[in-house]
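File shown: model_19.tsv (TSV, C-alpha atoms and all ligand atoms).
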chain	number	residue	atom	x	y	z
G	1	MET	CA	103.86	136.38	136.91
G	2	ALA	CA	105.17	134.42	133.96
G	3	ASP	CA	108.95	134.28	133.84
G	4	ASP	CA	111.19	134.62	130.83
G	5	ARG	CA	111.55	130.86	130.36
G	6	ASP	CA	107.80	130.26	129.88
G	7	TRP	CA	107.36	132.24	126.72
G	8	LYS	CA	110.67	131.12	125.24
G	9	ILE	CA	109.60	127.50	125.62
G	10	GLN	CA	106.13	128.24	124.26
G	11	LEU	CA	107.64	130.01	121.25
G	12	LYS	CA	110.26	127.35	120.57
G	13	TYR	CA	107.80	124.47	120.84
G	14	ARG	CA	104.93	126.04	118.92
G	15	TYR	CA	103.43	123.94	116.13
G	16	LEU	CA	105.40	124.35	112.91
G	17	ASP	CA	103.86	121.66	110.77
G	18	LEU	CA	100.40	120.19	110.39
G	19	ALA	CA	101.62	116.67	111.11
G	20	SER	CA	102.58	117.64	114.66
G	21	LEU	CA	99.15	119.05	115.58
G	22	PRO	CA	97.27	117.20	118.35
G	23	PRO	CA	95.55	114.09	116.98
G	24	ASP	CA	92.06	115.34	117.86
G	25	PHE	CA	92.56	118.51	115.79
G	26	GLU	CA	90.89	117.80	112.48
G	27	VAL	CA	92.77	118.63	109.28
G	28	SER	CA	91.07	118.20	105.93
G	29	GLY	CA	92.59	116.39	102.96
G	30	GLY	CA	92.68	119.68	101.03
G	31	GLU	CA	94.57	121.42	103.83
G	32	ARG	CA	97.07	118.58	104.06
G	33	ALA	CA	97.66	118.61	100.31
G	34	PHE	CA	98.06	122.41	100.24
G	35	ALA	CA	100.53	122.34	103.15
G	36	LYS	CA	102.81	120.06	101.12
G	37	THR	CA	103.03	122.70	98.38
G	38	MET	CA	103.68	125.61	100.76
G	39	ALA	CA	107.46	125.44	100.94
G	40	GLY	CA	107.95	126.79	97.43
G	41	ALA	CA	104.82	128.97	97.38
G	42	GLN	CA	104.51	132.68	98.08
G	43	VAL	CA	102.68	132.20	101.38
G	44	PRO	CA	103.77	132.67	104.97
G	45	PRO	CA	104.92	129.57	106.83
G	46	PHE	CA	102.62	127.72	109.21
G	47	ALA	CA	103.12	128.43	112.90
G	48	VAL	CA	100.74	128.47	115.84
G	49	THR	CA	101.38	128.58	119.57
G	50	GLY	CA	99.74	125.98	121.79
G	51	TYR	CA	98.03	128.86	123.56
G	52	TYR	CA	96.42	130.29	120.42
G	53	LEU	CA	95.46	126.82	119.18
G	54	SER	CA	93.68	126.23	122.50
G	55	LEU	CA	91.34	129.15	121.73
G	56	ALA	CA	90.11	127.43	118.55
G	57	GLU	CA	87.08	125.20	118.40
G	58	ASN	CA	87.49	122.06	116.40
G	59	ARG	CA	85.49	122.94	113.27
G	60	VAL	CA	86.74	124.17	109.90
G	61	ASP	CA	84.86	127.48	109.97
G	62	ASP	CA	86.00	128.48	113.46
G	63	PRO	CA	87.10	132.17	113.45
G	64	ILE	CA	90.32	131.49	115.37
G	65	ARG	CA	91.23	128.50	113.23
G	66	ARG	CA	90.67	130.50	110.01
G	67	GLN	CA	93.37	132.94	111.11
G	68	PHE	CA	96.22	130.43	111.52
G	69	MET	CA	95.29	127.43	109.38
G	70	PRO	CA	96.71	127.54	105.82
G	71	SER	CA	93.91	127.14	103.30
G	72	PRO	CA	94.07	125.78	99.74
G	73	GLU	CA	92.29	129.03	98.81
G	74	GLU	CA	95.62	130.82	99.31
G	75	ALA	CA	96.76	129.31	96.02
G	76	ARG	CA	94.21	131.49	94.20
G	77	THR	CA	95.25	135.02	93.34
G	78	THR	CA	93.04	137.68	91.78
G	79	PRO	CA	94.03	140.28	89.14
G	80	TRP	CA	93.92	143.12	91.68
G	81	GLU	CA	96.28	141.49	94.13
G	82	LEU	CA	99.85	142.72	94.51
G	83	ASP	CA	103.18	141.42	95.83
G	84	ASP	CA	103.73	144.66	97.74
G	85	PRO	CA	100.13	145.80	98.38
G	86	LEU	CA	101.09	148.94	100.33
G	87	GLY	CA	103.85	149.94	97.91
G	88	GLU	CA	106.32	149.95	100.82
G	89	ASN	CA	109.31	149.38	98.55
G	90	ARG	CA	108.66	152.80	97.01
G	91	PHE	CA	109.20	154.48	100.37
G	92	SER	CA	112.19	152.59	101.68
G	93	PRO	CA	115.30	154.79	102.05
G	94	CYS	CA	117.39	151.88	103.37
G	95	PRO	CA	116.78	148.21	104.12
G	96	ARG	CA	114.17	147.64	106.85
G	97	LEU	CA	112.99	151.25	107.00
G	98	VAL	CA	109.80	152.64	105.41
G	99	HIS	CA	109.30	156.42	105.44
G	100	GLN	CA	105.98	157.25	103.80
G	101	TYR	CA	104.51	159.94	106.06
G	102	ARG	CA	106.55	163.03	106.88
G	103	ASP	CA	106.63	162.65	110.66
G	104	ARG	CA	106.37	158.85	111.00
G	105	ALA	CA	108.54	155.95	109.89
G	106	LEU	CA	108.24	152.20	110.19
G	107	LEU	CA	111.00	149.73	111.01
G	108	LEU	CA	110.84	146.08	109.92
G	109	THR	CA	112.51	144.73	113.05
G	110	THR	CA	112.18	141.03	112.16
G	111	GLY	CA	110.27	138.71	109.83
G	112	ALA	CA	109.44	136.29	112.64
G	113	CYS	CA	105.99	135.98	114.26
G	114	ALA	CA	104.71	133.67	116.99
G	115	VAL	CA	101.68	132.82	114.84
G	116	TYR	CA	101.57	133.59	111.12
G	117	CYS	CA	98.24	135.22	110.31
G	118	ARG	CA	96.84	133.87	107.06
G	119	HIS	CA	95.64	137.38	106.18
G	120	CYS	CA	99.06	139.03	106.69
G	121	PHE	CA	99.50	141.83	104.14
G	122	ARG	CA	103.26	141.80	104.62
G	123	ARG	CA	103.30	138.10	103.77
G	124	ASN	CA	106.00	138.64	101.20
G	125	TYR	CA	108.27	139.79	103.99
G	126	THR	CA	107.20	137.45	106.79
G	127	ARG	CA	107.45	134.43	104.53
G	128	ARG	CA	111.21	134.98	104.28
G	129	GLU	CA	111.44	134.79	108.08
G	130	GLU	CA	114.09	137.50	108.11
G	131	GLY	CA	115.96	137.52	111.44
G	132	PHE	CA	116.00	140.23	114.09
G	133	ILE	CA	117.64	143.43	112.84
G	134	SER	CA	121.40	143.19	113.40
G	135	ASP	CA	123.78	145.83	114.77
G	136	ARG	CA	125.16	146.29	111.28
G	137	GLU	CA	121.74	146.75	109.70
G	138	LEU	CA	120.93	149.37	112.34
G	139	VAL	CA	123.74	151.68	111.25
G	140	PRO	CA	122.01	153.17	108.15
G	141	VAL	CA	118.73	153.36	110.09
G	142	GLU	CA	120.43	155.40	112.83
G	143	SER	CA	121.99	157.81	110.33
G	144	TYR	CA	118.67	158.24	108.56
G	145	LEU	CA	116.93	159.08	111.84
G	146	ARG	CA	119.71	161.52	112.75
G	147	GLU	CA	119.31	163.29	109.41
G	148	HIS	CA	115.51	163.32	109.55
G	149	GLY	CA	114.56	165.12	112.73
G	150	GLU	CA	111.03	165.53	111.34
G	151	ILE	CA	110.38	161.87	112.20
G	152	SER	CA	108.68	162.06	115.58
G	153	GLN	CA	107.23	158.54	115.73
G	154	LEU	CA	108.84	155.23	114.85
G	155	LEU	CA	106.67	152.13	114.39
G	156	LEU	CA	108.46	148.94	115.44
G	157	SER	CA	106.83	146.45	113.16
G	158	GLY	CA	107.75	143.34	111.19
G	159	GLY	CA	107.03	140.49	111.74
G	160	ASP	CA	106.66	140.83	115.48
G	161	VAL	CA	109.34	142.70	117.42
G	162	LEU	CA	108.36	140.95	120.67
G	163	THR	CA	109.60	137.60	119.33
G	164	GLY	CA	113.05	139.05	120.12
G	165	SER	CA	114.66	138.71	123.55
G	166	ASP	CA	114.58	141.50	126.14
G	167	ASP	CA	118.30	142.11	125.51
G	168	ARG	CA	117.84	142.54	121.79
G	169	ILE	CA	114.84	144.79	122.22
G	170	GLY	CA	116.65	146.87	124.85
G	171	ASN	CA	119.69	147.24	122.61
G	172	LEU	CA	117.51	148.21	119.65
G	173	LEU	CA	115.53	150.80	121.60
G	174	SER	CA	118.52	152.38	123.26
G	175	ARG	CA	120.37	152.76	119.96
G	176	LEU	CA	117.32	154.26	118.27
G	177	ARG	CA	116.80	156.56	121.28
G	178	ALA	CA	120.42	157.75	121.05
G	179	ALA	CA	119.99	158.47	117.33
G	180	SER	CA	116.73	160.37	117.86
G	181	PRO	CA	116.40	161.51	121.48
G	182	ARG	CA	112.78	162.68	121.32
G	183	ILE	CA	111.28	159.94	119.15
G	184	VAL	CA	108.08	158.17	120.26
G	185	PHE	CA	108.09	154.39	119.77
G	186	ARG	CA	105.04	152.43	118.71
G	187	VAL	CA	105.40	148.75	119.48
G	188	CYS	CA	103.16	147.09	116.86
G	189	THR	CA	102.48	143.56	118.02
G	190	ARG	CA	100.13	140.61	117.90
G	191	ILE	CA	101.89	138.97	120.88
G	192	PRO	CA	99.30	139.78	123.61
G	193	ALA	CA	96.73	137.91	121.48
G	194	VAL	CA	98.86	134.90	120.53
G	195	LEU	CA	101.57	134.49	123.22
G	196	PRO	CA	100.47	136.52	126.28
G	197	ALA	CA	103.15	134.97	128.52
G	198	ARG	CA	105.68	137.05	126.55
G	199	ILE	CA	104.45	140.19	128.33
G	200	THR	CA	106.80	139.90	131.30
G	201	ALA	CA	107.79	142.49	133.89
G	202	GLY	CA	111.31	142.42	132.43
G	203	LEU	CA	110.10	143.27	128.93
G	204	LEU	CA	107.88	146.08	130.17
G	205	SER	CA	110.66	147.64	132.21
G	206	VAL	CA	113.00	147.59	129.18
G	207	ILE	CA	110.35	149.34	127.08
G	208	ALA	CA	109.28	151.81	129.77
G	209	LYS	CA	112.93	152.72	130.37
G	210	GLU	CA	113.47	153.66	126.73
G	211	GLY	CA	110.06	155.35	126.37
G	212	PRO	CA	107.93	157.22	125.53
G	213	ALA	CA	106.35	154.20	123.90
G	214	TRP	CA	102.86	153.14	122.93
G	215	PHE	CA	101.66	149.63	122.21
G	216	VAL	CA	99.52	148.99	119.14
G	217	VAL	CA	98.09	145.49	119.53
G	218	HIS	CA	96.26	143.38	116.94
G	219	TYR	CA	92.98	141.64	117.89
G	220	ASN	CA	90.39	140.30	115.47
G	221	HIS	CA	87.88	138.33	117.53
G	222	PRO	CA	86.33	138.66	121.01
G	223	ARG	CA	87.45	135.13	121.88
G	224	GLU	CA	91.06	136.38	121.66
G	225	LEU	CA	90.33	138.38	124.83
G	226	SER	CA	90.86	135.34	127.07
G	227	PRO	CA	91.74	135.70	130.76
G	228	GLU	CA	95.47	135.25	129.92
G	229	SER	CA	95.33	137.84	127.17
G	230	LEU	CA	93.39	140.31	129.32
G	231	SER	CA	95.92	139.99	132.06
G	232	ALA	CA	98.77	140.63	129.59
G	233	LEU	CA	97.00	143.82	128.47
G	234	ALA	CA	96.50	144.84	132.10
G	235	ARG	CA	100.23	144.39	132.76
G	236	ILE	CA	101.07	146.71	129.86
G	237	VAL	CA	98.64	149.42	130.94
G	238	ASP	CA	99.69	149.07	134.58
G	239	ALA	CA	103.29	149.65	133.49
G	240	GLY	CA	102.17	153.09	132.33
G	241	ILE	CA	102.22	152.29	128.62
G	242	PRO	CA	99.15	153.40	126.61
G	243	VAL	CA	97.62	150.77	124.33
G	244	LEU	CA	95.76	151.12	121.00
G	245	SER	CA	94.39	148.26	118.93
G	246	GLN	CA	94.06	147.41	115.27
G	247	THR	CA	91.61	144.95	113.74
G	248	VAL	CA	91.42	143.60	110.20
G	249	LEU	CA	87.91	143.12	108.81
G	250	LEU	CA	88.02	139.42	107.92
G	251	ARG	CA	85.52	137.26	106.04
G	252	GLY	CA	84.26	134.45	108.28
G	253	VAL	CA	86.11	135.82	111.33
G	254	ASN	CA	84.59	139.15	112.36
G	255	ASP	CA	82.42	140.32	109.44
G	256	SER	CA	79.43	141.22	111.58
G	257	ALA	CA	78.63	144.35	113.59
G	258	GLU	CA	77.75	142.26	116.67
G	259	THR	CA	81.09	140.43	116.71
G	260	LEU	CA	83.07	143.63	116.21
G	261	ALA	CA	81.03	145.52	118.83
G	262	GLU	CA	81.77	142.78	121.37
G	263	LEU	CA	85.47	142.93	120.50
G	264	PHE	CA	85.72	146.72	120.73
G	265	GLN	CA	83.77	146.90	123.98
G	266	GLY	CA	85.99	144.17	125.39
G	267	LEU	CA	89.08	146.14	124.42
G	268	VAL	CA	87.76	149.32	126.05
G	269	ALA	CA	87.05	147.33	129.22
G	270	ALA	CA	90.71	146.23	129.05
G	271	ARG	CA	91.68	149.94	128.85
G	272	VAL	CA	92.66	149.63	125.18
G	273	LYS	CA	91.45	152.22	122.65
G	274	PRO	CA	90.31	150.68	119.32
G	275	TYR	CA	92.31	152.68	116.78
G	276	TYR	CA	91.90	151.20	113.29
G	277	LEU	CA	89.55	148.75	111.61
G	278	PHE	CA	91.27	147.88	108.34
G	279	GLN	CA	89.70	146.92	105.08
G	280	GLY	CA	91.70	143.90	103.84
G	281	ASP	CA	94.78	144.75	101.83
G	282	LEU	CA	95.19	143.28	98.37
G	283	ALA	CA	97.89	140.78	99.33
G	284	LYS	CA	98.15	137.75	97.05
G	285	GLY	CA	96.11	134.73	98.07
G	286	THR	CA	93.97	136.51	100.70
G	287	ALA	CA	90.74	137.09	98.71
G	288	HIS	CA	88.82	134.46	100.72
G	289	LEU	CA	89.56	136.46	103.89
G	290	ARG	CA	88.51	139.86	102.55
G	291	THR	CA	85.10	141.37	103.21
G	292	PRO	CA	83.94	143.45	100.23
G	293	ILE	CA	84.19	147.16	100.83
G	294	ASP	CA	80.42	147.87	100.52
G	295	GLU	CA	79.69	145.24	103.12
G	296	GLY	CA	82.36	146.78	105.34
G	297	LEU	CA	80.70	150.18	105.04
G	298	MET	CA	77.35	148.67	106.01
G	299	ILE	CA	78.84	146.95	109.03
G	300	TYR	CA	80.57	150.17	110.04
G	301	SER	CA	77.44	152.31	109.81
G	302	LYS	CA	75.71	149.81	112.07
G	303	LEU	CA	78.64	149.95	114.51
G	304	ARG	CA	78.25	153.73	114.64
G	305	THR	CA	74.74	153.32	116.02
G	306	MET	CA	75.92	150.77	118.59
G	307	LEU	CA	79.12	152.21	120.03
G	308	SER	CA	80.50	155.27	121.72
G	309	PRO	CA	83.33	156.95	119.80
G	310	LEU	CA	85.62	155.68	122.54
G	311	ALA	CA	84.96	152.11	121.37
G	312	LEU	CA	84.75	152.89	117.65
G	313	PRO	CA	87.96	152.66	115.60
G	314	SER	CA	88.39	154.48	112.33
G	315	TYR	CA	87.55	152.31	109.28
G	316	ALA	CA	90.50	152.71	106.95
G	317	VAL	CA	92.29	151.23	103.99
G	318	ASP	CA	95.86	151.47	102.78
G	319	LEU	CA	95.44	152.61	99.19
G	320	PRO	CA	96.87	149.79	97.03
G	321	GLY	CA	100.29	150.61	95.59
G	322	GLY	CA	101.37	153.24	98.11
G	323	GLY	CA	98.68	155.94	98.38
G	324	GLY	CA	98.80	155.70	102.15
G	325	LYS	CA	96.05	155.18	104.72
G	326	ILE	CA	92.71	156.88	104.27
G	327	SER	CA	89.52	156.80	106.27
G	328	LEU	CA	86.78	155.17	104.22
G	329	THR	CA	84.09	157.23	105.90
G	330	ASP	CA	85.13	160.83	105.47
G	331	GLY	CA	84.83	161.80	101.89
G	332	ALA	CA	87.97	160.41	100.26
G	333	LEU	CA	85.84	158.61	97.64
G	334	VAL	CA	86.10	160.40	94.31
G	335	GLY	CA	84.38	157.99	91.93
G	336	ALA	CA	83.66	154.49	90.72
G	337	ALA	CA	84.60	152.81	87.48
G	338	ASP	CA	85.29	149.37	86.03
G	339	GLY	CA	84.39	147.42	89.14
G	340	CYS	CA	86.39	149.58	91.51
G	341	ARG	CA	86.13	152.61	93.73
G	342	THR	CA	88.57	155.48	93.36
G	343	TYR	CA	90.03	157.49	96.22
G	344	ARG	CA	92.33	160.46	96.34
G	345	SER	CA	95.52	160.03	98.32
G	346	PRO	CA	96.17	162.82	100.81
G	347	LEU	CA	99.89	162.16	100.38
G	348	ASP	CA	100.45	162.65	96.66
G	349	GLY	CA	97.03	163.88	95.45
G	350	LEU	CA	96.81	160.99	92.97
G	351	VAL	CA	93.80	158.76	92.48
G	352	TYR	CA	94.05	155.10	93.57
G	353	ARG	CA	91.66	152.21	92.96
G	354	TYR	CA	90.23	149.52	95.22
G	355	PRO	CA	88.03	146.76	93.72
G	356	VAL	CA	84.38	146.37	94.72
G	357	GLU	CA	84.51	142.58	94.37
G	358	ASN	CA	87.28	140.31	95.59
G	401	LIG	C1	100.27	152.87	109.04
G	401	LIG	C2	101.59	153.41	108.82
G	401	LIG	C3	102.09	154.44	109.62
G	401	LIG	C4	101.30	155.04	110.78
G	401	LIG	O1	100.14	155.65	110.36
G	401	LIG	P1	99.12	156.24	111.43
G	401	LIG	O2	97.96	156.65	110.60
G	401	LIG	O3	99.81	157.35	112.14
G	401	LIG	O4	98.78	155.14	112.37
G	401	LIG	C5	103.36	154.91	109.37
G	401	LIG	N1	104.11	154.41	108.36
G	401	LIG	C6	103.63	153.43	107.55
G	401	LIG	C7	104.49	152.95	106.44
G	401	LIG	C8	102.36	152.89	107.76
G	401	LIG	O5	101.92	151.90	106.98
G	402	LIG	S1	101.60	139.08	113.43
G	402	LIG	FE1	101.52	140.79	111.94
G	402	LIG	S2	103.35	140.51	110.66
G	402	LIG	FE2	102.99	138.58	111.74
G	402	LIG	S3	101.77	137.34	110.35
G	402	LIG	FE3	100.31	138.43	111.70
G	402	LIG	S4	99.79	140.29	110.56
G	402	LIG	FE4	101.67	139.46	109.62

Could I get this structure in the form of structure tokens?
Ligand SMILES: *Cc1c(COP(=O)(O)O)cnc(C)c1O
Ligand code: SF4
Amino acid sequence: MADDRDWKIQLKYRYLDLASLPPDFEVSGGERAFAKTMAGAQVPPFAVTGYYLSLAENRVDDPIRRQFMPSPEEARTTPWELDDPLGENRFSPCPRLVHQYRDRALLLTTGACAVYCRHCFRRNYTRREEGFISDRELVPVESYLREHGEISQLLLSGGDVLTGSDDRIGNLLSRLRAASPRIVFRVCTRIPAVLPARITAGLLSVIAKEGPAWFVVHYNHPRELSPESLSALARIVDAGIPVLSQTVLLRGVNDSAETLAELFQGLVAARVKPYYLFQGDLAKGTAHLRTPIDEGLMIYSKLRTMLSPLALPSYAVDLPGGGGKISLTDGALVGAADGCRTYRSPLDGLVYRYPVEN
């Protein structure tokens, strides 16, 4: 099995600028020009691991390439798009913590990711590349958890918590466990899809020791289920940790029922339960990666005829501005007006809008 040095080297020496990409990897003039403007722009940095790059085919419309390659289209923002598309700032009782649902909270453990997804909805956070949560920053989080015993699940999100070392993760989990002895951790991570060597025996024993924990992994295309990635998933499940997956419905990546069916069946074969299929959030500069909601509903109704409920995730959207997650297929729709659909939030009873067109 991969040792701890492998992934650290792969992470450290991932590609961080377009100029360092292998010479046979084609970069267009537009991409090169856009990359030069990125430093001051409101977009996540460029980073891709050699492993994830190796999954891409060398053509501009390749579905893997579209997910890591910065596009000049990111400079375009639409009137509906927001800096904080989920309204997370509204629900943040202290830095790094988001408490929107009564019994669940979310911790922004770090802003770092192994690969920055061009569709990232938390791009305003990841672009700052905030470091791993420090001991000092943990203090208010611990007191909040102590005072809020109703929180039974804590999502470890970011950024990607598994970019941290085993020691840091172990320290984080044991402090959170001490503050809230019965809490269930959800490790939300894209790592098995972009840096599978990170899933080491050492990491899994740290997590299993501080459990109960679930993994929630992020896969968008069947080609991401490579032999290396499948074996990383098998290591997690074999360590006794249950695994769910999330997928974002992305234009030009997975916007067809056949592609998604292959992905979800592949995940089930890897003993992973597809949990959510997300409609794209209204993050700035991501319109070219969003599939319109009506098209999403058509794809989903086709998926329903193709898949067992075991393989079928719930098709959901985070209501823009902080209305929370709703299923798009069970009656939350209350109306349509001015080029948008309206949905009632189960959290605050208010009506929120999502545009029909990008
Ligand atoms: C998605 C999310 C959760 C978890 O929601 P589930 O529907 O239980 O998966 C919790 N907190 C925040 C802020 C979220 O965005
Ligand atoms: S791994 Fe998650 S947090 Fe990081 S860029 Fe991708 S979607 Fe955003």

Edge lengths and centre, in Å to one decimal, as lines of an AutoDock Vina configuration file: that's what I need for the box along x, y and z that holds all listed atoms of stretch 315-333 of chain G plus 5 Å on each side.
center_x = 92.7
center_y = 155.8
center_z = 102.4
size_x = 27.3
size_y = 22.0
size_z = 23.7

task = Rank nothing, just name the residue among G:Leu250, G:Ile207, G:Ala56, G:Val268 nearest to G:Ala234, using all atoms listed in the file.
result =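 Under the stated criterion, the closest residue is G:Val268.
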
task = Find the spatial neighbours of G:Ile293, counting all atoms listed in the file, within a cut-off of 8 Å - ignore same-chain residues fewer than 4 positions away - and output them as number ranges by chain.
result = G: 279, 297, 356-357

Listing only residues of chain G within 7 Å of ligand LIG 402 (chain G), what is the closest atom pair and its distance in Å (to one decimal) for each, using all atoms listed in the file, sorted by chain and residue number ascending, as a tab-separated table?
residue	atom	partner	partner_atom	distance
G:Ala112	CA	G:LIG402	FE2	6.9
G:Cys113	CA	G:LIG402	FE2	4.7
G:Val115	CA	G:LIG402	S3	6.4
G:Tyr116	CA	G:LIG402	S3	3.8
G:Cys117	CA	G:LIG402	FE3	4.1
G:Arg118	CA	G:LIG402	S3	6.9
G:His119	CA	G:LIG402	S4	6.7
G:Cys120	CA	G:LIG402	FE4	3.9
G:Phe121	CA	G:LIG402	FE4	6.4
G:Arg122	CA	G:LIG402	FE4	5.7
G:Arg123	CA	G:LIG402	FE4	6.2
G:Thr126	CA	G:LIG402	S2	6.3
G:Gly158	CA	G:LIG402	S2	5.3
G:Gly159	CA	G:LIG402	S2	3.8
G:Asp160	CA	G:LIG402	FE2	5.7
G:Thr189	CA	G:LIG402	S1	6.5
G:Arg190	CA	G:LIG402	S1	4.9

Considering only C-alpha atoms and all ligand atoms, tabulate each residue of chain G that lies at most 9 Å from ligand LIG 401 (chain G) along with its nearest interatomic pair and the corresponding distance in Å to one decimal; arrange the rows by chain and ascending residue number and present them as CSV.
residue,atom,partner,partner_atom,distance
G:Leu86,CA,G:LIG401,O5,7.3
G:Glu88,CA,G:LIG401,C7,6.6
G:Phe91,CA,G:LIG401,C7,7.8
G:Leu97,CA,G:LIG401,C7,8.7
G:Val98,CA,G:LIG401,C7,5.4
G:His99,CA,G:LIG401,C7,6.0
G:Gln100,CA,G:LIG401,C7,5.3
G:Tyr101,CA,G:LIG401,N1,6.0
G:Asp103,CA,G:LIG401,C5,8.5
G:Arg104,CA,G:LIG401,C5,5.2
G:Ala105,CA,G:LIG401,N1,4.9
G:Leu106,CA,G:LIG401,N1,5.0
G:Leu107,CA,G:LIG401,C7,8.6
G:Gln153,CA,G:LIG401,C5,8.3
G:Leu154,CA,G:LIG401,C5,7.8
G:Leu155,CA,G:LIG401,C5,6.6
G:Tyr275,CA,G:LIG401,O4,8.2
G:Tyr276,CA,G:LIG401,O4,8.0
G:Asp318,CA,G:LIG401,O5,7.4
G:Gly322,CA,G:LIG401,C7,8.9
G:Gly324,CA,G:LIG401,O5,6.9
G:Lys325,CA,G:LIG401,O2,6.4
G:Ile326,CA,G:LIG401,O2,8.2

query = By how many Å are atom CA of G:Lys284 and atom CA of G:Glu81 apart?
reply =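 Atom CA of G:Glu81 lies at a distance of 5.1 Å from atom CA of G:Lys284.
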
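The gap separating atom CA of G:Val317 from atom CA of G:Thr342 is 12.0 Å, in Å to one decimal.
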
ask   = Of the candidates G:Thr200, G:Thr110, G:Arg96, G:Ile9, which one gets nearest to G:Arg128 if we count only C-alpha atoms?
value =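 Answer, going by the shortest atom-to-atom distance: G:Thr110.
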
ask   = Could you name the residues that touch stretch 306-316 of chain G at 10 Å or less, counting only C-alpha atoms, but leaving out those on the same chain fewer than 4 positions away, as a PyMOL selection string?
value = chain G and resi 244-249+257-258+260-269+272-280+296-297+300-302+325-330

request  = Using atom CA of G:Tyr125 and atom CA of G:Glu74 as the two end points, give the distance in Å to one decimal.
outcome  = 16.2 Å

key: Residue nearest G:Arg136 among G:Met298, G:Val243, G:Leu16, G:Leu172 (counting all atoms listed in the file)   = G:Leu172

ask   = Within 10 Å of G:Ala197, counting all atoms listed in the file, which residues qualify if same-chain residues fewer than 5 places away don't, as a list of chain:residue names?
value = G:Met1, G:Ala2, G:Asp3, G:Asp4, G:Arg5, G:Asp6, G:Trp7, G:Lys8, G:Gln10, G:Leu11, G:Tyr51, G:Ile191, G:Pro192, G:Glu228, G:Ser229, G:Ser231, G:Ala232

task = Name all residues at most 12 Å from G:Ser134 (count all atoms listed in the file; drop same-chain ones fewer than 5 positions away) and give them as an MDAnalysis selection string.
result = chainID G and resid 95:96 108:110 139:141 164 168:169 171:172 175

How would the residues just picked look written out with C-alpha atoms as a tab-separated table (two decimals), keeping the file's coordinate frame?
chain	number	residue	atom	x	y	z
G	95	PRO	CA	116.78	148.21	104.12
G	96	ARG	CA	114.17	147.64	106.85
G	108	LEU	CA	110.84	146.08	109.92
G	109	THR	CA	112.51	144.73	113.05
G	110	THR	CA	112.18	141.03	112.16
G	139	VAL	CA	123.74	151.68	111.25
G	140	PRO	CA	122.01	153.17	108.15
G	141	VAL	CA	118.73	153.36	110.09
G	164	GLY	CA	113.05	139.05	120.12
G	168	ARG	CA	117.84	142.54	121.79
G	169	ILE	CA	114.84	144.79	122.22
G	171	ASN	CA	119.69	147.24	122.61
G	172	LEU	CA	117.51	148.21	119.65
G	175	ARG	CA	120.37	152.76	119.96

Residues of stretch 13-113 of chain G at most 9 Å from stretch 215-227 of chain G: nearest atom pair and distance in Å, only C-alpha atoms, as a Markdown table:
| residue | atom | partner | partner_atom | distance |
| --- | --- | --- | --- | --- |
| G:Tyr52 | CA | G:Glu224 | CA | 8.2 |
| G:Leu55 | CA | G:Arg223 | CA | 7.1 |
| G:Ala56 | CA | G:Arg223 | CA | 8.8 |
| G:Pro63 | CA | G:His221 | CA | 7.4 |
| G:Ile64 | CA | G:His221 | CA | 7.6 |

request  = Give me the residues within 8 Å of G:Tyr354 as a ChimeraX atom specification, counting only C-alpha atoms and dropping any in the same chain fewer than 6 places off.
outcome  = /G:319-320,340-342

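Closest to G:Phe25 among G:Met38, G:Leu347, G:Val334, G:Met69 is G:Met69, based on only C-alpha atoms.
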
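Nearest-residue note for G:Leu195: choosing from G:Thr49, G:Thr37, G:Ser180, G:Ser20, the minimum distance belongs to G:Thr49, counting only C-alpha atoms.
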
inquiry  = Considering all atoms listed in the file, can you say which of G:Ala193, G:Val60, G:Leu53, G:Ala178 comes closest to G:Ser28?
reply    =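 Closest to G:Ser28, using all atoms listed in the file: G:Val60.
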